[in-house]
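As provided, target-v4.pdb (PDB, C-alpha atoms, pLDDT in the B column) reads as follows.
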ATOM      1  CA  MET A   1      -4.309   8.350  12.880  1.00 83.00           C
ATOM      2  CA  ARG A   2      -1.990   9.117   9.985  1.00 93.00           C
ATOM      3  CA  PHE A   3       1.441   7.517  10.021  1.00 98.00           C
ATOM      4  CA  ARG A   4       4.361   9.878  10.695  1.00 98.00           C
ATOM      5  CA  ILE A   5       7.354   8.966   8.562  1.00 98.00           C
ATOM      6  CA  GLY A   6      10.702  10.419   9.595  1.00 98.00           C
ATOM      7  CA  VAL A   7      13.236  11.173   6.884  1.00 98.00           C
ATOM      8  CA  MET A   8      16.807  11.259   8.167  1.00 97.00           C
ATOM      9  CA  GLY A   9      20.011  11.696   6.203  1.00 95.00           C
ATOM     10  CA  SER A  10      22.755  13.867   4.823  1.00 94.00           C
ATOM     11  CA  ALA A  11      22.486  17.553   5.710  1.00 91.00           C
ATOM     12  CA  GLN A  12      25.886  18.421   4.231  1.00 89.00           C
ATOM     13  CA  GLY A  13      28.762  17.028   2.185  1.00 89.00           C
ATOM     14  CA  PRO A  14      28.987  15.500  -1.293  1.00 86.00           C
ATOM     15  CA  MET A  15      25.899  13.279  -0.900  1.00 87.00           C
ATOM     16  CA  ILE A  16      23.609  16.335  -0.922  1.00 88.00           C
ATOM     17  CA  GLU A  17      25.067  17.515  -4.243  1.00 90.00           C
ATOM     18  CA  ASN A  18      24.444  14.205  -6.002  1.00 91.00           C
ATOM     19  CA  GLN A  19      21.540  14.838  -8.411  1.00 95.00           C
ATOM     20  CA  GLU A  20      20.292  11.252  -8.160  1.00 96.00           C
ATOM     21  CA  ASN A  21      20.130  11.558  -4.360  1.00 96.00           C
ATOM     22  CA  ILE A  22      18.240  14.843  -4.663  1.00 97.00           C
ATOM     23  CA  ARG A  23      15.760  13.312  -7.121  1.00 98.00           C
ATOM     24  CA  LYS A  24      15.184  10.244  -4.949  1.00 98.00           C
ATOM     25  CA  SER A  25      14.808  12.363  -1.802  1.00 98.00           C
ATOM     26  CA  ILE A  26      12.126  14.475  -3.477  1.00 98.00           C
ATOM     27  CA  GLU A  27      10.400  11.274  -4.620  1.00 98.00           C
ATOM     28  CA  ILE A  28      10.478   9.842  -1.090  1.00 98.00           C
ATOM     29  CA  GLY A  29       8.704  12.971   0.165  1.00 98.00           C
ATOM     30  CA  HIS A  30       6.238  12.813  -2.714  1.00 98.00           C
ATOM     31  CA  TYR A  31       5.279   9.198  -1.981  1.00 98.00           C
ATOM     32  CA  ILE A  32       5.007   9.853   1.763  1.00 98.00           C
ATOM     33  CA  ALA A  33       2.555  12.679   1.042  1.00 98.00           C
ATOM     34  CA  LYS A  34       0.599  10.683  -1.550  1.00 98.00           C
ATOM     35  CA  ALA A  35       0.138   7.932   1.052  1.00 98.00           C
ATOM     36  CA  ASP A  36      -1.498  10.558   3.315  1.00 98.00           C
ATOM     37  CA  CYS A  37       1.316  10.315   5.846  1.00 98.00           C
ATOM     38  CA  ILE A  38       3.018  13.166   7.711  1.00 98.00           C
ATOM     39  CA  LEU A  39       6.675  13.730   6.886  1.00 98.00           C
ATOM     40  CA  VAL A  40       8.871  14.379   9.931  1.00 98.00           C
ATOM     41  CA  ASN A  41      12.524  15.407   9.829  1.00 98.00           C
ATOM     42  CA  GLY A  42      15.134  17.418  11.690  1.00 96.00           C
ATOM     43  CA  ALA A  43      14.250  20.681   9.907  1.00 96.00           C
ATOM     44  CA  CYS A  44      17.761  20.593   8.486  1.00 94.00           C
ATOM     45  CA  PRO A  45      19.202  21.334   5.048  1.00 95.00           C
ATOM     46  CA  GLY A  46      20.211  18.666   2.552  1.00 96.00           C
ATOM     47  CA  LEU A  47      18.411  15.459   1.642  1.00 97.00           C
ATOM     48  CA  PRO A  48      15.792  15.585   4.444  1.00 97.00           C
ATOM     49  CA  ASP A  49      14.787  19.079   3.278  1.00 98.00           C
ATOM     50  CA  GLU A  50      14.576  17.856  -0.325  1.00 98.00           C
ATOM     51  CA  ALA A  51      12.149  15.194   0.913  1.00 98.00           C
ATOM     52  CA  ALA A  52      10.121  17.882   2.711  1.00 98.00           C
ATOM     53  CA  TYR A  53      10.039  19.864  -0.548  1.00 98.00           C
ATOM     54  CA  GLY A  54       8.744  16.779  -2.384  1.00 98.00           C
ATOM     55  CA  ALA A  55       6.045  16.262   0.228  1.00 98.00           C
ATOM     56  CA  LYS A  56       4.917  19.890   0.059  1.00 98.00           C
ATOM     57  CA  GLN A  57       4.808  19.799  -3.752  1.00 98.00           C
ATOM     58  CA  ALA A  58       2.499  16.779  -3.460  1.00 98.00           C
ATOM     59  CA  GLY A  59       0.219  18.575  -0.976  1.00 98.00           C
ATOM     60  CA  GLY A  60       1.529  16.780   2.098  1.00 98.00           C
ATOM     61  CA  LEU A  61       1.909  17.858   5.721  1.00 98.00           C
ATOM     62  CA  THR A  62       5.460  18.339   7.029  1.00 98.00           C
ATOM     63  CA  MET A  63       6.867  18.736  10.520  1.00 98.00           C
ATOM     64  CA  GLY A  64      10.442  19.688  11.392  1.00 98.00           C
ATOM     65  CA  VAL A  65      12.060  19.017  14.770  1.00 98.00           C
ATOM     66  CA  SER A  66      14.685  21.727  15.149  1.00 97.00           C
ATOM     67  CA  PRO A  67      17.730  21.628  17.430  1.00 96.00           C
ATOM     68  CA  ALA A  68      17.282  25.365  17.954  1.00 97.00           C
ATOM     69  CA  PHE A  69      15.617  27.244  20.801  1.00 97.00           C
ATOM     70  CA  SER A  70      13.814  29.680  18.487  1.00 97.00           C
ATOM     71  CA  GLU A  71      13.109  30.518  14.869  1.00 97.00           C
ATOM     72  CA  LYS A  72      15.911  33.106  14.978  1.00 97.00           C
ATOM     73  CA  ALA A  73      18.456  30.523  16.217  1.00 97.00           C
ATOM     74  CA  HIS A  74      17.107  27.972  13.732  1.00 97.00           C
ATOM     75  CA  ILE A  75      17.838  30.307  10.823  1.00 97.00           C
ATOM     76  CA  GLU A  76      20.910  32.189  12.060  1.00 97.00           C
ATOM     77  CA  LYS A  77      22.812  29.734  14.278  1.00 96.00           C
ATOM     78  CA  TYR A  78      21.900  26.419  12.615  1.00 96.00           C
ATOM     79  CA  LYS A  79      21.526  27.868   9.076  1.00 96.00           C
ATOM     80  CA  SER A  80      18.459  25.690   8.665  1.00 96.00           C
ATOM     81  CA  PRO A  81      15.500  26.008   6.298  1.00 95.00           C
ATOM     82  CA  TYR A  82      11.900  26.783   7.199  1.00 96.00           C
ATOM     83  CA  GLN A  83      10.131  27.135   3.837  1.00 96.00           C
ATOM     84  CA  ASN A  84       9.059  23.500   3.399  1.00 97.00           C
ATOM     85  CA  TYR A  85       7.505  23.047   6.852  1.00 98.00           C
ATOM     86  CA  ASP A  86       3.964  23.400   8.114  1.00 98.00           C
ATOM     87  CA  ILE A  87       5.133  22.971  11.705  1.00 98.00           C
ATOM     88  CA  ILE A  88       8.551  23.411  13.291  1.00 98.00           C
ATOM     89  CA  ILE A  89       9.091  22.319  16.882  1.00 97.00           C
ATOM     90  CA  TYR A  90      11.952  24.261  18.512  1.00 98.00           C
ATOM     91  CA  THR A  91      13.453  21.842  21.021  1.00 97.00           C
ATOM     92  CA  GLY A  92      16.445  23.928  22.149  1.00 96.00           C
ATOM     93  CA  MET A  93      18.191  20.572  22.670  1.00 96.00           C
ATOM     94  CA  GLY A  94      20.997  20.766  20.113  1.00 93.00           C
ATOM     95  CA  LEU A  95      21.644  18.280  17.327  1.00 90.00           C
ATOM     96  CA  MET A  96      22.164  14.944  19.061  1.00 89.00           C
ATOM     97  CA  GLU A  97      19.492  15.274  21.745  1.00 93.00           C
ATOM     98  CA  ARG A  98      17.013  16.542  19.133  1.00 93.00           C
ATOM     99  CA  ASP A  99      17.455  13.225  17.319  1.00 94.00           C
ATOM    100  CA  ILE A 100      15.647  11.365  20.104  1.00 94.00           C
ATOM    101  CA  ILE A 101      12.592  13.637  19.780  1.00 95.00           C
ATOM    102  CA  ASN A 102      12.783  13.221  16.007  1.00 94.00           C
ATOM    103  CA  ILE A 103      12.747   9.413  16.248  1.00 95.00           C
ATOM    104  CA  ARG A 104      10.061   9.240  18.925  1.00 95.00           C
ATOM    105  CA  SER A 105       7.850  11.583  16.885  1.00 95.00           C
ATOM    106  CA  SER A 106       7.983   9.115  13.961  1.00 97.00           C
ATOM    107  CA  ASP A 107       6.245   5.782  13.477  1.00 97.00           C
ATOM    108  CA  ALA A 108       8.983   4.771  11.047  1.00 98.00           C
ATOM    109  CA  ILE A 109      12.084   6.384   9.569  1.00 98.00           C
ATOM    110  CA  ILE A 110      13.728   6.354   6.161  1.00 98.00           C
ATOM    111  CA  LEU A 111      17.486   6.891   5.849  1.00 98.00           C
ATOM    112  CA  LEU A 112      19.007   8.762   2.901  1.00 97.00           C
ATOM    113  CA  GLY A 113      22.811   8.759   2.729  1.00 95.00           C
ATOM    114  CA  GLY A 114      24.041  10.152   6.018  1.00 95.00           C
ATOM    115  CA  GLY A 115      26.993  10.504   8.351  1.00 94.00           C
ATOM    116  CA  ILE A 116      27.452  10.497  12.133  1.00 93.00           C
ATOM    117  CA  GLY A 117      24.135  12.248  12.858  1.00 93.00           C
ATOM    118  CA  THR A 118      22.228   9.766  10.697  1.00 95.00           C
ATOM    119  CA  LEU A 119      24.057   6.908  12.386  1.00 96.00           C
ATOM    120  CA  ASN A 120      22.889   8.291  15.749  1.00 95.00           C
ATOM    121  CA  GLU A 121      19.308   8.412  14.474  1.00 96.00           C
ATOM    122  CA  PHE A 122      19.594   4.865  13.137  1.00 97.00           C
ATOM    123  CA  THR A 123      20.902   3.434  16.415  1.00 95.00           C
ATOM    124  CA  VAL A 124      18.161   5.134  18.456  1.00 95.00           C
ATOM    125  CA  ALA A 125      15.481   3.898  16.034  1.00 96.00           C
ATOM    126  CA  TYR A 126      16.951   0.376  15.946  1.00 95.00           C
ATOM    127  CA  ASP A 127      17.128   0.053  19.734  1.00 93.00           C
ATOM    128  CA  GLU A 128      13.561   1.352  20.032  1.00 92.00           C
ATOM    129  CA  GLY A 129      12.273  -1.142  17.462  1.00 93.00           C
ATOM    130  CA  LYS A 130      11.127   1.462  14.954  1.00 96.00           C
ATOM    131  CA  VAL A 131      10.528   0.437  11.355  1.00 97.00           C
ATOM    132  CA  ILE A 132      13.582   1.607   9.397  1.00 98.00           C
ATOM    133  CA  GLY A 133      13.666   2.021   5.623  1.00 98.00           C
ATOM    134  CA  VAL A 134      17.134   2.327   4.088  1.00 98.00           C
ATOM    135  CA  LEU A 135      17.546   3.894   0.640  1.00 98.00           C
ATOM    136  CA  THR A 136      20.449   1.824  -0.631  1.00 97.00           C
ATOM    137  CA  GLY A 137      22.845   3.352  -3.117  1.00 95.00           C
ATOM    138  CA  SER A 138      22.488   6.834  -1.602  1.00 95.00           C
ATOM    139  CA  GLY A 139      25.961   6.769  -0.007  1.00 94.00           C
ATOM    140  CA  GLY A 140      27.199   7.223   3.524  1.00 95.00           C
ATOM    141  CA  VAL A 141      25.729   5.297   6.427  1.00 96.00           C
ATOM    142  CA  SER A 142      22.826   4.036   4.313  1.00 96.00           C
ATOM    143  CA  ASN A 143      25.190   1.899   2.245  1.00 96.00           C
ATOM    144  CA  HIS A 144      26.639   0.196   5.340  1.00 97.00           C
ATOM    145  CA  ILE A 145      23.764  -0.494   7.757  1.00 97.00           C
ATOM    146  CA  ASP A 146      24.094  -4.263   7.412  1.00 95.00           C
ATOM    147  CA  LYS A 147      27.846  -4.086   8.070  1.00 96.00           C
ATOM    148  CA  ILE A 148      27.364  -1.765  11.054  1.00 96.00           C
ATOM    149  CA  LEU A 149      24.930  -4.232  12.621  1.00 96.00           C
ATOM    150  CA  GLU A 150      27.343  -7.094  11.964  1.00 95.00           C
ATOM    151  CA  ILE A 151      30.217  -5.207  13.639  1.00 96.00           C
ATOM    152  CA  CYS A 152      27.951  -4.551  16.637  1.00 94.00           C
ATOM    153  CA  GLU A 153      27.002  -8.244  16.724  1.00 95.00           C
ATOM    154  CA  ARG A 154      23.353  -7.391  16.116  1.00 94.00           C
ATOM    155  CA  LYS A 155      21.190  -8.981  13.476  1.00 91.00           C
ATOM    156  CA  VAL A 156      19.360  -7.310  10.621  1.00 93.00           C
ATOM    157  CA  GLU A 157      15.852  -7.456  12.068  1.00 93.00           C
ATOM    158  CA  ASN A 158      12.849  -7.724   9.753  1.00 94.00           C
ATOM    159  CA  PHE A 159      11.840  -4.162  10.665  1.00 96.00           C
ATOM    160  CA  VAL A 160      14.952  -2.917   8.802  1.00 97.00           C
ATOM    161  CA  ILE A 161      13.925  -2.685   5.150  1.00 98.00           C
ATOM    162  CA  PHE A 162      16.297  -2.083   2.233  1.00 98.00           C
ATOM    163  CA  ASP A 163      15.455  -0.825  -1.268  1.00 98.00           C
ATOM    164  CA  ASP A 164      17.013   1.498  -3.856  1.00 97.00           C
ATOM    165  CA  ASP A 165      13.654   2.595  -5.321  1.00 98.00           C
ATOM    166  CA  PRO A 166      11.844   5.407  -3.459  1.00 98.00           C
ATOM    167  CA  LYS A 167       8.279   4.253  -4.181  1.00 98.00           C
ATOM    168  CA  SER A 168       9.026   0.628  -3.396  1.00 98.00           C
ATOM    169  CA  LEU A 169      10.783   1.610  -0.147  1.00 98.00           C
ATOM    170  CA  VAL A 170       7.915   3.818   1.048  1.00 98.00           C
ATOM    171  CA  ASP A 171       5.393   1.092   0.135  1.00 98.00           C
ATOM    172  CA  LYS A 172       7.359  -1.578   2.030  1.00 98.00           C
ATOM    173  CA  VAL A 173       7.686   0.641   5.120  1.00 98.00           C
ATOM    174  CA  LEU A 174       3.962   1.436   5.123  1.00 98.00           C
ATOM    175  CA  ASN A 175       3.022  -2.218   4.580  1.00 98.00           C
ATOM    176  CA  TYR A 176       5.167  -3.241   7.545  1.00 97.00           C
ATOM    177  CA  LEU A 177       3.617  -0.522   9.721  1.00 96.00           C
ATOM    178  CA  SER A 178       0.102  -1.576   8.707  1.00 95.00           C
ATOM    179  CA  GLU A 179       0.664  -5.263   9.364  1.00 95.00           C
ATOM    180  CA  ASN A 180       2.668  -5.161  12.611  1.00 91.00           C
ATOM    181  CA  PRO A 181       1.891  -3.695  16.035  1.00 82.00           C
ATOM    182  CA  ALA A 182       4.062  -0.861  17.307  1.00 81.00           C
ATOM    183  CA  PRO A 183       6.858  -1.769  19.752  1.00 78.00           C
ATOM    184  CA  MET A 184       6.142  -1.479  23.475  1.00 72.00           C
ATOM    185  CA  LEU A 185       8.331  -0.469  26.409  1.00 67.00           C
ATOM    186  CA  GLU A 186       8.699  -3.088  29.144  1.00 66.00           C
ATOM    187  CA  ASP A 187      11.181  -2.708  32.028  1.00 62.00           C
ATOM    188  CA  GLN A 188      13.075  -0.024  30.049  1.00 58.00           C
ATOM    189  CA  ARG A 189      13.528  -2.471  27.157  1.00 63.00           C
ATOM    190  CA  VAL A 190      11.724  -2.159  23.849  1.00 66.00           C
ATOM    191  CA  VAL A 191       9.987  -5.333  22.717  1.00 67.00           C
ATOM    192  CA  SER A 192       7.996  -5.911  19.552  1.00 62.00           C
ATOM    193  CA  GLY A 193       4.257  -5.376  19.765  1.00 62.00           C
ATOM    194  CA  LYS A 194       3.783  -9.093  19.058  1.00 59.00           C
ATOM    195  CA  GLN A 195       5.887 -10.062  22.111  1.00 53.00           C
ATOM    196  CA  ALA A 196       4.027  -7.608  24.340  1.00 49.00           C
ATOM    197  CA  ASN A 197       0.612  -9.098  23.538  1.00 45.00           C
TER     198      ASN A 197
END
Would it be possible to restate this file's structure as structure tokens?
Amino acid sequence: MRFRIGVMGSAQGPMIENQENIRKSIEIGHYIAKADCILVNGACPGLPDEAAYGAKQAGGLTMGVSPAFSEKAHIEKYKSPYQNYDIIIYTGMGLMERDIINIRSSDAIILLGGGIGTLNEFTVAYDEGKVIGVLTGSGGVSNHIDKILEICERKVENFVIFDDDPKSLVDKVLNYLSENPAPMLEDQRVVSGKQAN
């Protein structure tokens, strides 16, 4: 099975106009594709779509998880792209509920910048024990994950990986996935694969 790497982050605002963020997002997608992984995102504009573009340019497979009910609603209501996707799943669940499908469809996620929506994706992924790569220096939520966990009186677990270099971040995420069992669900609580064995 190929790993599915979710890319979550800024879909709007000043972070998506930052040329360094755009370059690094494209590189993230490129390295995900070159590692023979599937890129998953919310089929949204902005930095996640730049990553999908990078993956497609490198010959990768991309899957978008849309909040929309149909292709028409995806394009017209949500003003979302479709060009960089091999597969788009139309959930009809809206933005926040779609995030759960997005996270559960990914073996790991990488955060790029981000606001409230990205924070929602992070908290779902964290509570479900997903491997989380954080592209530091990309602004928004990504620059404050450690502080957010501290405020919530949670610790920075070893499955939360920080790096400001796209290739290094993708490599670290894939190494962690390769060397550690996936989390398991026990009594409605997620535990690490090591604890479940």
Proximity of segment 86-123 of chain A to segment 154-177 of chain A: per-residue shortest pair, 10 Å limit, all atoms listed in the file, as a Markdown table:
| residue | atom | partner | partner_atom | distance |
| --- | --- | --- | --- | --- |
| A:Asp107 | CA | A:Leu177 | CA | 7.8 |
| A:Ala108 | CA | A:Val173 | CA | 7.3 |
| A:Ile109 | CA | A:Val173 | CA | 8.5 |
| A:Ile110 | CA | A:Val170 | CA | 8.1 |
| A:Leu111 | CA | A:Phe162 | CA | 9.7 |
- Message: List as number ranges by chain the protein and nucleic acid residues near segment 43-54 of chain A, meaning an atom at most 9 Å away when all atoms listed in the file are counted, but skip any in the same chain fewer than 3 places from it.
- Response: A: 6-13, 15-17, 21-33, 39-40, 57-67, 74, 78-85, 88-89, 111-114
- Note on the structure: What separates atom CA of Ser70 of chain A and atom CA of Gly92 of chain A is a distance of 7.3 Å
- Separation of atom CA of Ala182 of chain A and atom CA of Glu121 of chain A, in Å?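 So the answer is 18.1 Å.
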- When you draw a straight line from atom CA of Leu135 of chain A to atom CA of Phe3 of chain A, how long is it in Å?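 According to the coordinates, atom CA of Leu135 of chain A and atom CA of Phe3 of chain A are separated by 19.0 Å.
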- Message: Taking (16.2, 9.9, 16.5) in the coordinates of the supplied file, I want to know which residues reach to within 10 Å of it, counting all atoms listed in the file; could you give the answer as number ranges by chain?
- Response: A: 6, 8, 41-42, 96-106, 109, 117-126, 128, 130
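Distances to Gly115 of chain A were evaluated for A:Ile145, A:Asp86, A:Ser178, A:Gly94 using only C-alpha atoms, and the minimum falls at A:Ile145.
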As JSON, please: the centre and edge lengths in Å, to one decimal, of an axis-aligned box enclosing every listed atom of segment 5-8 of chain A with 4 Å added on each side.
{"center_x": 12.1, "center_y": 10.1, "center_z": 8.2, "size_x": 17.5, "size_y": 10.3, "size_z": 10.7}
